[in-house]
$ cat start-v8.txt   # compact mmCIF, C-alpha atoms
# COMPACT_ATOMS: atom_id res chain seq x y z
CA MET A 625 -12.08 -18.59 -13.10
CA LYS A 626 -9.05 -19.79 -15.03
CA MET A 627 -5.39 -19.32 -15.75
CA VAL A 628 -4.90 -17.36 -18.96
CA LYS A 629 -1.80 -16.75 -21.04
CA LEU A 630 -1.51 -13.16 -22.19
CA PRO A 631 0.34 -12.22 -25.38
CA ASP A 632 3.64 -10.37 -25.01
CA HIS A 633 2.38 -6.98 -26.21
CA ILE A 634 -0.33 -6.84 -23.52
CA ILE A 635 2.29 -7.31 -20.80
CA VAL A 636 5.10 -5.11 -22.05
CA ASN A 637 3.34 -2.40 -24.05
CA SER A 638 2.94 0.65 -21.79
CA SER A 639 0.13 1.95 -23.95
CA GLN A 640 -1.87 -1.12 -22.94
CA ARG A 641 -0.86 -1.29 -19.26
CA LEU A 642 0.55 1.11 -16.71
CA GLN A 643 3.42 -0.69 -15.02
CA SER A 644 3.04 1.70 -12.09
CA LEU A 645 -0.50 0.41 -11.54
CA ASP A 646 0.57 -3.24 -11.49
CA ALA A 647 3.51 -2.36 -9.23
CA LEU A 648 1.31 -0.41 -6.82
CA ARG A 649 -1.14 -3.33 -6.63
CA GLY A 650 1.82 -5.58 -5.83
CA PHE A 651 3.16 -3.11 -3.26
CA ASP A 652 -0.25 -3.11 -1.60
CA MET A 653 -0.53 -6.90 -1.55
CA MET A 654 3.02 -7.67 -0.38
CA TRP A 655 2.37 -6.39 3.14
CA ILE A 656 -0.43 -8.84 3.87
CA ILE A 657 1.13 -11.92 2.28
CA SER A 658 4.55 -11.91 3.97
CA VAL A 659 6.26 -8.55 4.58
CA GLU A 660 4.24 -7.71 7.68
CA GLY A 661 5.58 -10.91 9.27
CA ILE A 662 9.15 -9.83 8.50
CA ILE A 663 8.57 -6.37 10.01
CA HIS A 664 6.95 -7.73 13.19
CA GLY A 665 9.86 -10.16 13.49
CA LEU A 666 12.44 -7.38 13.06
CA ALA A 667 10.67 -5.30 15.71
CA GLY A 668 10.84 -8.19 18.17
CA ALA A 669 14.43 -9.10 17.32
CA THR A 670 16.00 -5.62 17.30
CA ASN A 671 13.67 -3.39 19.34
CA LEU A 672 14.81 -0.54 17.09
CA PRO A 673 12.45 2.48 17.02
CA ILE A 674 12.06 2.37 13.22
CA PHE A 675 10.91 -1.27 13.22
CA ASN A 676 8.73 -0.76 16.31
CA TRP A 677 7.03 2.14 14.55
CA MET A 678 6.55 0.13 11.36
CA SER A 679 5.21 -2.83 13.35
CA ASN A 680 2.69 -0.55 15.08
CA GLN A 681 1.61 0.75 11.68
CA LEU A 682 0.96 -2.81 10.49
CA VAL A 683 -2.05 -3.35 12.76
CA HIS A 684 -5.58 -2.03 12.29
CA THR A 685 -6.87 0.85 14.36
CA LYS A 686 -9.29 -0.47 16.98
CA TRP A 687 -11.96 2.10 16.09
CA ASP A 688 -11.43 5.75 15.07
CA GLY A 689 -8.07 6.68 13.58
CA PHE A 690 -5.79 5.56 10.79
CA THR A 691 -2.69 3.42 10.35
CA PHE A 692 -0.81 2.28 7.26
CA TYR A 693 -2.52 -1.12 7.61
CA ASP A 694 -5.91 0.59 7.36
CA MET A 695 -4.91 1.87 3.92
CA ILE A 696 -4.17 -1.51 2.35
CA PHE A 697 -7.79 -2.53 1.71
CA PRO A 698 -9.07 0.79 0.26
CA LEU A 699 -5.90 1.09 -1.83
CA PHE A 700 -6.70 -2.23 -3.53
CA ILE A 701 -10.26 -1.09 -4.31
CA PHE A 702 -8.92 2.27 -5.54
CA VAL A 703 -6.45 0.55 -7.89
CA ALA A 704 -9.26 -1.67 -9.20
CA GLY A 705 -11.20 1.50 -9.99
CA VAL A 706 -8.23 3.04 -11.80
CA SER A 707 -8.07 -0.06 -13.99
CA MET A 708 -11.68 0.24 -15.20
CA PRO A 709 -11.24 2.98 -17.83
CA PHE A 710 -8.25 1.04 -19.21
CA SER A 711 -10.07 -2.32 -19.22
CA PHE A 712 -13.33 -1.14 -20.75
CA GLY A 713 -11.77 1.25 -23.26
CA LYS A 714 -13.02 4.42 -24.90
CA LYS A 715 -16.32 3.07 -26.16
CA PHE A 716 -17.38 2.15 -22.62
CA GLU A 717 -16.88 5.54 -20.99
CA GLY A 718 -20.52 6.58 -21.10
CA SER A 719 -19.94 8.99 -23.98
CA GLY A 720 -22.08 7.11 -26.45
CA ALA A 721 -24.54 4.25 -26.89
CA ILE A 722 -23.24 0.78 -26.19
CA PRO A 723 -24.83 -2.03 -28.21
CA SER A 724 -27.21 -4.03 -26.02
CA GLN A 725 -25.45 -7.31 -26.77
CA VAL A 726 -22.10 -5.85 -25.73
CA LYS A 727 -23.66 -4.51 -22.52
CA LYS A 728 -25.20 -7.88 -21.74
CA SER A 729 -21.84 -9.56 -22.21
CA ILE A 730 -20.12 -7.07 -19.90
CA TYR A 731 -22.82 -7.31 -17.24
CA TRP A 732 -22.81 -11.09 -17.34
CA SER A 733 -19.03 -11.10 -16.89
CA LEU A 734 -19.29 -8.63 -14.00
CA ILE A 735 -22.04 -10.64 -12.30
CA LYS A 736 -20.09 -13.91 -12.59
CA ARG A 737 -16.95 -12.26 -11.21
CA THR A 738 -18.86 -10.68 -8.34
CA LEU A 739 -20.58 -13.91 -7.31
CA LEU A 740 -17.36 -15.89 -7.59
CA LEU A 741 -15.40 -13.43 -5.43
CA ILE A 742 -18.17 -13.47 -2.81
CA LEU A 743 -18.02 -17.28 -2.79
CA LEU A 744 -14.22 -17.30 -2.53
CA GLY A 745 -14.46 -14.82 0.34
CA VAL A 746 -16.82 -17.14 2.22
CA ILE A 747 -14.43 -20.04 1.61
CA ILE A 748 -11.49 -18.03 2.97
CA ASN A 749 -13.59 -17.13 6.01
CA GLY A 750 -13.80 -20.82 6.85
CA ALA A 751 -16.95 -22.20 5.25
CA GLN A 752 -14.86 -25.23 4.36
CA SER A 753 -14.81 -26.17 8.06
CA LEU A 754 -18.54 -27.00 7.76
CA GLN A 755 -19.54 -25.48 11.10
CA GLY A 756 -23.03 -24.61 9.89
CA TYR A 757 -24.91 -21.55 8.69
CA ASP A 758 -24.84 -19.67 12.01
CA HIS A 759 -21.06 -19.95 12.21
CA THR A 760 -20.38 -19.00 8.59
CA ARG A 761 -19.25 -15.45 7.94
CA PHE A 762 -20.69 -14.31 4.61
CA ALA A 763 -19.19 -10.81 4.61
CA SER A 764 -15.55 -10.76 3.49
CA VAL A 765 -12.71 -8.71 2.05
CA LEU A 766 -13.18 -10.33 -1.37
CA GLY A 767 -16.93 -9.79 -1.10
CA ARG A 768 -16.48 -6.06 -0.49
CA ILE A 769 -14.04 -5.79 -3.39
CA ALA A 770 -16.56 -7.60 -5.60
CA LEU A 771 -19.59 -5.51 -4.63
CA SER A 772 -17.90 -2.11 -4.57
CA CYS A 773 -16.26 -2.69 -7.95
CA PHE A 774 -19.46 -4.12 -9.46
CA PHE A 775 -21.53 -1.07 -8.58
CA ALA A 776 -18.73 1.33 -9.52
CA ALA A 777 -18.46 -0.41 -12.90
CA PHE A 778 -22.24 -0.18 -13.35
CA ILE A 779 -22.13 3.56 -12.66
CA PHE A 780 -19.12 3.97 -14.96
CA LEU A 781 -20.75 2.11 -17.84
CA ASN A 782 -24.06 3.95 -17.66
CA THR A 783 -23.24 7.57 -16.82
CA SER A 784 -21.12 10.44 -18.03
CA LEU A 785 -18.37 11.95 -15.90
CA ARG A 786 -20.94 14.37 -14.49
CA GLY A 787 -23.20 11.48 -13.50
CA GLN A 788 -20.30 9.65 -11.89
CA LEU A 789 -19.39 12.72 -9.83
CA ILE A 790 -23.01 13.12 -8.73
CA ALA A 791 -23.09 9.45 -7.68
CA PHE A 792 -19.82 9.91 -5.77
CA PHE A 793 -21.15 12.84 -3.76
CA ILE A 794 -24.49 11.14 -3.13
CA LEU A 795 -22.68 8.08 -1.77
CA LEU A 796 -20.49 10.13 0.58
CA PHE A 797 -23.04 12.65 1.84
CA GLY A 798 -25.88 10.12 1.81
CA TYR A 799 -23.87 7.74 4.01
CA TRP A 800 -22.98 10.59 6.35
CA ALA A 801 -26.65 11.55 6.63
CA LEU A 802 -27.75 7.97 7.30
CA MET A 803 -25.09 7.38 9.95
CA THR A 804 -25.76 10.63 11.80
CA LEU A 805 -29.50 11.25 11.36
CA ILE A 806 -31.17 7.82 11.52
CA PRO A 807 -31.84 6.77 15.13
CA VAL A 808 -30.72 3.32 16.25
CA PRO A 809 -33.05 1.58 18.74
CA GLY A 810 -31.62 1.94 22.23
CA PHE A 811 -28.93 4.42 21.18
CA GLY A 812 -30.50 7.26 19.19
CA ALA A 813 -29.15 9.09 16.13
CA GLY A 814 -25.55 9.99 15.43
CA VAL A 815 -23.99 7.46 17.82
CA LEU A 816 -20.78 6.19 16.20
CA THR A 817 -19.62 3.65 18.77
CA PRO A 818 -19.12 -0.03 17.83
CA GLU A 819 -22.42 -0.95 19.47
CA GLY A 820 -24.46 2.14 18.64
CA ASN A 821 -23.76 2.92 14.99
CA LEU A 822 -26.40 2.30 12.32
CA SER A 823 -24.14 0.12 10.16
CA GLY A 824 -23.47 -2.27 13.05
CA TRP A 825 -27.17 -2.41 13.96
CA LEU A 826 -28.04 -3.38 10.38
CA ASP A 827 -25.33 -6.06 10.43
CA ARG A 828 -26.77 -7.54 13.64
CA ARG A 829 -30.30 -7.47 12.24
CA PHE A 830 -29.86 -8.45 8.60
CA LEU A 831 -26.38 -9.84 7.88
CA PRO A 832 -26.72 -13.61 7.44
CA GLY A 833 -24.56 -16.00 9.40
CA GLU A 834 -21.87 -14.78 11.75
CA VAL A 835 -21.08 -11.11 12.41
CA LEU A 836 -17.29 -10.90 12.78
CA ARG A 837 -17.08 -8.38 15.65
CA LYS A 838 -20.40 -9.56 17.16
CA VAL A 839 -21.80 -5.99 17.21
CA TYR A 840 -20.66 -5.01 13.70
CA ASP A 841 -18.82 -6.49 10.73
CA PRO A 842 -15.97 -4.50 9.15
CA GLU A 843 -17.18 -5.73 5.74
CA GLY A 844 -20.87 -5.38 6.60
CA ILE A 845 -23.91 -4.34 4.59
CA LEU A 846 -24.22 -0.56 4.88
CA SER A 847 -20.50 0.15 5.17
CA THR A 848 -20.01 -1.40 1.73
CA VAL A 849 -21.91 1.56 0.22
CA PRO A 850 -19.14 4.17 0.73
CA ALA A 851 -16.59 1.62 -0.55
CA ILE A 852 -18.24 2.15 -3.95
CA ALA A 853 -17.09 5.77 -3.67
CA THR A 854 -13.54 4.51 -3.05
CA ALA A 855 -13.72 2.59 -6.33
CA LEU A 856 -15.13 5.68 -8.08
CA LEU A 857 -12.16 7.74 -6.88
CA GLY A 858 -10.06 5.22 -8.78
CA VAL A 859 -12.31 5.54 -11.84
CA PHE A 860 -11.83 9.33 -11.88
CA THR A 861 -8.07 8.82 -11.63
CA GLY A 862 -8.06 6.24 -14.44
CA ARG A 863 -10.10 8.53 -16.70
CA PHE A 864 -7.65 11.34 -16.05
CA LEU A 865 -4.63 9.15 -16.80
CA ARG A 866 -6.21 7.94 -20.07
CA PHE A 867 -7.14 11.44 -21.18
CA GLN A 868 -4.89 12.51 -24.06
CA THR A 869 -4.07 16.15 -24.83
CA ASP A 870 -0.96 18.03 -25.89
CA LYS A 871 -1.40 20.35 -22.92
CA LEU A 872 -0.98 17.54 -20.40
CA SER A 873 2.35 15.72 -20.41
CA LYS A 874 2.84 12.65 -18.23
CA LEU A 875 4.89 14.75 -15.84
CA LYS A 876 2.08 17.29 -15.47
CA LYS A 877 -0.41 14.50 -14.91
CA GLY A 878 1.74 13.05 -12.14
CA LEU A 879 2.10 16.44 -10.44
CA ILE A 880 -1.65 17.13 -10.71
CA LEU A 881 -2.36 13.77 -9.10
CA LEU A 882 0.07 14.68 -6.33
CA ALA A 883 -1.73 17.97 -5.70
CA ALA A 884 -5.12 16.23 -5.77
CA ALA A 885 -3.85 13.74 -3.19
CA VAL A 886 -2.94 16.55 -0.79
CA ILE A 887 -6.40 18.12 -1.27
CA LEU A 888 -8.13 14.80 -0.52
CA LEU A 889 -6.02 14.32 2.61
CA LEU A 890 -6.93 17.79 3.86
CA LEU A 891 -10.63 17.28 3.08
CA GLY A 892 -10.57 13.95 4.92
CA LEU A 893 -8.97 15.55 7.98
CA LEU A 894 -11.52 18.39 7.85
CA TRP A 895 -14.47 15.99 7.67
CA ASN A 896 -12.88 13.96 10.46
CA GLN A 897 -13.88 16.75 12.86
CA VAL A 898 -17.57 15.82 12.55
CA PHE A 899 -17.49 12.32 11.00
CA PRO A 900 -14.38 10.50 12.31
CA ILE A 901 -11.98 8.66 10.04
CA ASN A 902 -12.89 5.04 10.69
CA LYS A 903 -12.11 1.99 8.56
CA ASN A 904 -14.39 -0.34 10.52
CA ILE A 905 -17.52 1.46 9.29
CA TRP A 906 -15.78 2.99 6.23
CA THR A 907 -16.82 6.56 7.00
CA SER A 908 -16.95 9.22 4.29
CA SER A 909 -13.94 10.97 5.83
CA PHE A 910 -12.11 7.63 5.64
CA VAL A 911 -12.93 7.40 1.91
CA LEU A 912 -11.32 10.80 1.30
CA TYR A 913 -8.36 10.32 3.64
CA ALA A 914 -7.50 6.79 2.48
CA GLY A 915 -8.16 7.95 -1.09
CA GLY A 916 -5.66 10.76 -0.58
CA TRP A 917 -2.94 8.35 0.54
CA SER A 918 -3.84 5.98 -2.32
CA LEU A 919 -3.59 8.80 -4.85
CA LEU A 920 -0.33 10.00 -3.32
CA LEU A 921 1.22 6.55 -3.70
CA LEU A 922 -0.09 6.17 -7.26
CA SER A 923 1.28 9.58 -8.25
CA LEU A 924 4.73 8.67 -6.90
CA PHE A 925 4.72 5.25 -8.57
CA TYR A 926 3.48 6.84 -11.82
CA LEU A 927 6.17 9.54 -11.78
CA VAL A 928 9.02 7.17 -10.95
CA ILE A 929 8.03 4.24 -13.20
CA ASP A 930 6.00 5.59 -16.12
CA VAL A 931 7.33 9.14 -16.35
CA TRP A 932 10.98 8.87 -15.38
CA GLY A 933 11.32 5.29 -16.66
CA MET A 934 12.83 3.78 -13.50
CA ARG A 935 11.20 0.37 -13.94
CA LYS A 936 13.55 -2.46 -13.03
CA TRP A 937 13.23 -2.12 -9.25
CA SER A 938 9.46 -2.60 -9.49
CA LYS A 939 9.51 -5.95 -11.32
CA PRO A 940 8.96 -8.11 -8.19
CA LEU A 941 5.99 -5.89 -7.31
CA VAL A 942 4.59 -6.41 -10.81
CA TRP A 943 4.87 -10.19 -10.37
CA ILE A 944 2.69 -9.86 -7.27
CA GLY A 945 0.34 -7.28 -8.76
CA MET A 946 -0.53 -9.25 -11.88
CA ASN A 947 -1.58 -12.29 -9.84
CA SER A 948 -2.81 -10.45 -6.77
CA ILE A 949 -6.04 -12.38 -6.11
CA LEU A 950 -4.26 -15.69 -6.66
CA ILE A 951 -1.53 -14.94 -4.10
CA TYR A 952 -4.09 -13.51 -1.68
CA MET A 953 -6.13 -16.72 -1.88
CA ALA A 954 -3.02 -18.87 -1.58
CA SER A 955 -1.77 -16.92 1.45
CA HIS A 956 -5.09 -17.01 3.31
CA GLY A 957 -5.75 -20.67 3.83
CA VAL A 958 -5.10 -22.43 0.52
CA VAL A 959 -1.32 -22.86 0.93
CA ASN A 960 0.58 -23.03 4.22
CA PHE A 961 3.60 -20.96 3.21
CA GLU A 962 4.94 -20.91 6.78
CA SER A 963 5.21 -24.71 6.86
CA SER A 964 6.81 -24.66 3.41
CA SER A 965 9.37 -22.12 4.60
CA GLN A 966 10.11 -24.19 7.71
CA PHE A 967 10.51 -27.33 5.59
CA LEU A 968 12.87 -25.70 3.06
CA PHE A 969 14.84 -23.34 5.29
CA GLY A 970 14.29 -24.72 8.81
CA GLY A 971 17.81 -26.15 9.05
CA LEU A 972 19.41 -22.80 8.26
CA ILE A 973 16.93 -20.91 10.45
CA ASN A 974 17.78 -23.10 13.44
CA LEU A 975 21.44 -22.10 13.11
CA THR A 976 20.55 -18.52 13.99
CA PRO A 977 19.57 -17.10 17.41
CA GLU A 978 15.96 -17.97 18.28
CA ILE A 979 14.96 -14.31 18.50
CA TRP A 980 15.60 -14.05 14.73
CA HIS A 981 13.65 -17.18 13.73
CA SER A 982 10.44 -15.29 12.89
CA VAL A 983 12.36 -12.89 10.62
CA TRP A 984 13.97 -15.70 8.63
CA LEU A 985 10.82 -17.82 8.55
CA TRP A 986 8.83 -14.96 6.96
CA THR A 987 11.74 -14.08 4.68
CA GLY A 988 11.57 -17.68 3.46
CA VAL A 989 7.82 -17.25 2.89
CA ALA A 990 8.51 -14.15 0.78
CA VAL A 991 11.17 -16.00 -1.25
CA ILE A 992 8.81 -18.93 -1.98
CA GLN A 993 5.97 -16.60 -2.96
CA LEU A 994 8.14 -14.51 -5.26
CA ALA A 995 9.59 -17.63 -6.87
CA LEU A 996 6.07 -18.91 -7.59
CA LEU A 997 4.88 -15.54 -8.91
CA TYR A 998 7.98 -15.10 -11.08
CA PHE A 999 7.42 -18.58 -12.53
CA LEU A 1000 3.85 -17.64 -13.49
CA TYR A 1001 4.85 -14.21 -14.80
CA SER A 1002 7.74 -15.55 -16.90
CA ARG A 1003 5.31 -17.94 -18.59
CA LYS A 1004 2.69 -15.17 -18.93
CA LEU A 1005 0.18 -17.11 -16.83
CA PHE A 1006 -2.36 -15.04 -14.92
CA TRP A 1007 -5.38 -16.08 -12.86
CA LYS A 1008 -8.45 -14.44 -14.36
CA ILE A 1009 -11.76 -14.22 -12.52

$ encode --input "start-v8.txt" --output "structure tokens"
Amino acid sequence: MKMVKLPDHIIVNSSQRLQSLDALRGFDMMWIISVEGIIHGLAGATNLPIFNWMSNQLVHTKWDGFTFYDMIFPLFIFVAGVSMPFSFGKKFEGSGAIPSQVKKSIYWSLIKRTLLLILLGVIINGAQSLQGYDHTRFASVLGRIALSCFFAAFIFLNTSLRGQLIAFFILLFGYWALMTLIPVPGFGAGVLTPEGNLSGWLDRRFLPGEVLRKVYDPEGILSTVPAIATALLGVFTGRFLRFQTDKLSKLKKGLILLAAAVILLLLGLLWNQVFPINKNIWTSSFVLYAGGWSLLLLSLFYLVIDVWGMRKWSKPLVWIGMNSILIYMASHGVVNFESSSQFLFGGLINLTPEIWHSVWLWTGVAVIQLALLYFLYSRKLFWKI
């Protein structure tokens, strides 16, 4: 875990990085670090239908269903999957033998990153408050990112495209079978309520420490398995984007991704009829439906930024996207950006009507965060785990 300084060509050379991918990662992260606070504030201050609708979309669904907020987490995992074919390069695509020493180095790096993210997730959950083992939540957002990406990377490094597709379908249909066919003591098989589902029962029985929702954990043990499929969806997308042929222009690639997104959305809605779309237990239909929205957003970002060359507007998103874990950590307990905003802008905020204070407070948070991220980006400093 360290700050690294990347050379200019890695940052600006589009053959090395897709700006659309960094921008999409930043777009995903911006909602949970400050923009949601601005939207909730605008809804309260104006009561306009558009802001009320957006505010309602920026809360998680209680159980079955889907909101924009439910997409933020799987979108991040999806983007991480897209990055894998670019990070590992051609020689790591499972098409040939990888020297054992190289493999060991990659695996060791993956293991260290996974363990560190799990630890950071526990810290964000509040382990620093020292309330004891029983009151420590070990499952976390960062932990799920770490585990899903680790296993997706392992599959990617050791199988061909055919093997990766087989793994993807096994994960989705296997999870469906487990959740609908394995009986839960006291409830029976196929019960998908918060108390009666298999994933929640396993969390209550085997998840160490505190279970967040008492009867299940949204980042629990079994529900992490289909999240690997979310990362693999990203891997398939990254492989497709890296694939070079005269028959496939960037424009065609973007349009194919758009069509694939629609297909995934339809498949997710179809599966929803028998296995409801549900983020809390990360159902297989949720993987497809959230994957469809993720792919739709990526295709639009790719077309606008990397195909049509409209890049300047996305720069602030790139600042966020290239230090996404850093700003996530800072915004979730490490730095009190609200107090900083009140300290810097409180005098001006107090000059406005009280009903607008939340809007300006969170706007100040966004300004401070962007200033920090721009400072790091301009000096090519990025937090590497």

$ atom_distance --input "start-v8.txt" --atom1 "atom CA of Arg863 of chain A" --atom2 "atom CA of Pro709 of chain A"
5.8 Å

$ closest_atom_pairs --input "start-v8.txt" --of "segment 805-869 of chain A" --to "segment 678-692 of chain A" --cutoff "12 Å" --atoms "only C-alpha atoms" --output "JSON lines"
{"residue": "A:Leu816", "atom": "CA", "partner": "A:Asp688", "partner_atom": "CA", "distance": 9.4}
{"residue": "A:Thr817", "atom": "CA", "partner": "A:Trp687", "partner_atom": "CA", "distance": 8.3}
{"residue": "A:Pro818", "atom": "CA", "partner": "A:Trp687", "partner_atom": "CA", "distance": 7.7}
{"residue": "A:Glu819", "atom": "CA", "partner": "A:Trp687", "partner_atom": "CA", "distance": 11.4}
{"residue": "A:Asn821", "atom": "CA", "partner": "A:Trp687", "partner_atom": "CA", "distance": 11.9}
{"residue": "A:Arg837", "atom": "CA", "partner": "A:Lys686", "partner_atom": "CA", "distance": 11.2}
{"residue": "A:Tyr840", "atom": "CA", "partner": "A:Trp687", "partner_atom": "CA", "distance": 11.5}
{"residue": "A:Pro842", "atom": "CA", "partner": "A:Trp687", "partner_atom": "CA", "distance": 10.4}

$ write_last_selection --input "start-v8.txt" --atoms "C-alpha atoms" --output "PDB file, keeping the file's coordinate frame"
ATOM      1  CA  LEU A 816     -20.780   6.190  16.200  1.00  0.00           C
ATOM      2  CA  THR A 817     -19.620   3.650  18.770  1.00  0.00           C
ATOM      3  CA  PRO A 818     -19.120  -0.030  17.830  1.00  0.00           C
ATOM      4  CA  GLU A 819     -22.420  -0.950  19.470  1.00  0.00           C
ATOM      5  CA  ASN A 821     -23.760   2.920  14.990  1.00  0.00           C
ATOM      6  CA  ARG A 837     -17.080  -8.380  15.650  1.00  0.00           C
ATOM      7  CA  TYR A 840     -20.660  -5.010  13.700  1.00  0.00           C
ATOM      8  CA  PRO A 842     -15.970  -4.500   9.150  1.00  0.00           C
TER       9      PRO A 842
END

$ residues_around --input "start-v8.txt" --residues "segment 934-937 of chain A" --least-positions-apart "4" --cutoff "12 Å" --atoms "only C-alpha atoms" --output "list of chain:residue names"
A:Val636, A:Ser638, A:Leu642, A:Gln643, A:Ser644, A:Leu645, A:Asp646, A:Ala647, A:Phe651, A:Leu924, A:Phe925, A:Tyr926, A:Leu927, A:Val928, A:Ile929, A:Asp930, A:Leu941, A:Val942, A:Trp943

$ closest_residue --input "start-v8.txt" --among "A:Ala704, A:Leu836, A:Ile742, A:Ile887" --to "Leu856 of chain A" --atoms "all atoms listed in the file"
A:Ala704

$ atom_distance --input "start-v8.txt" --atom1 "atom CA of Thr987 of chain A" --atom2 "atom CA of Ile662 of chain A"
6.3 Å

$ closest_residue --input "start-v8.txt" --among "A:Phe1006, A:Phe967, A:Trp986, A:Phe899" --to "Phe797 of chain A" --atoms "all atoms listed in the file"
A:Phe899

$ atom_distance --input "start-v8.txt" --atom1 "atom CA of Gly665 of chain A" --atom2 "atom CA of Ala914 of chain A"
26.6 Å

$ residues_around --input "start-v8.txt" --residues "Leu875 of chain A" --least-positions-apart "2" --cutoff "7 Å" --atoms "all atoms listed in the file" --output "PyMOL selection string"
chain A and resi 873+877-879+927+931

$ closest_residue --input "start-v8.txt" --among "A:Leu881, A:Leu996, A:Gly945, A:Ile696" --to "Phe864 of chain A" --atoms "all atoms listed in the file"
A:Leu881

$ residues_around --input "start-v8.txt" --residues "Cys773 of chain A" --least-positions-apart "3" --cutoff "10 Å" --atoms "only C-alpha atoms" --output "CSV table (one decimal) with C-alpha atoms, in the coordinates of the input"
chain,number,residue,atom,x,y,z
A,701,ILE,CA,-10.3,-1.1,-4.3
A,702,PHE,CA,-8.9,2.3,-5.5
A,704,ALA,CA,-9.3,-1.7,-9.2
A,705,GLY,CA,-11.2,1.5,-10.0
A,708,MET,CA,-11.7,0.2,-15.2
A,734,LEU,CA,-19.3,-8.6,-14.0
A,738,THR,CA,-18.9,-10.7,-8.3
A,767,GLY,CA,-16.9,-9.8,-1.1
A,768,ARG,CA,-16.5,-6.1,-0.5
A,769,ILE,CA,-14.0,-5.8,-3.4
A,770,ALA,CA,-16.6,-7.6,-5.6
A,776,ALA,CA,-18.7,1.3,-9.5
A,777,ALA,CA,-18.5,-0.4,-12.9
A,778,PHE,CA,-22.2,-0.2,-13.4
A,779,ILE,CA,-22.1,3.6,-12.7
A,851,ALA,CA,-16.6,1.6,-0.6
A,852,ILE,CA,-18.2,2.2,-4.0
A,853,ALA,CA,-17.1,5.8,-3.7
A,854,THR,CA,-13.5,4.5,-3.0
A,855,ALA,CA,-13.7,2.6,-6.3
A,856,LEU,CA,-15.1,5.7,-8.1
A,859,VAL,CA,-12.3,5.5,-11.8

$ closest_residue --input "start-v8.txt" --among "A:Phe775, A:Phe762, A:Tyr693, A:Phe811" --to "Tyr731 of chain A" --atoms "all atoms listed in the file"
A:Phe775

$ closest_residue --input "start-v8.txt" --among "A:Leu771, A:Ile794, A:Val991, A:Leu889" --to "Leu739 of chain A" --atoms "all atoms listed in the file"
A:Leu771
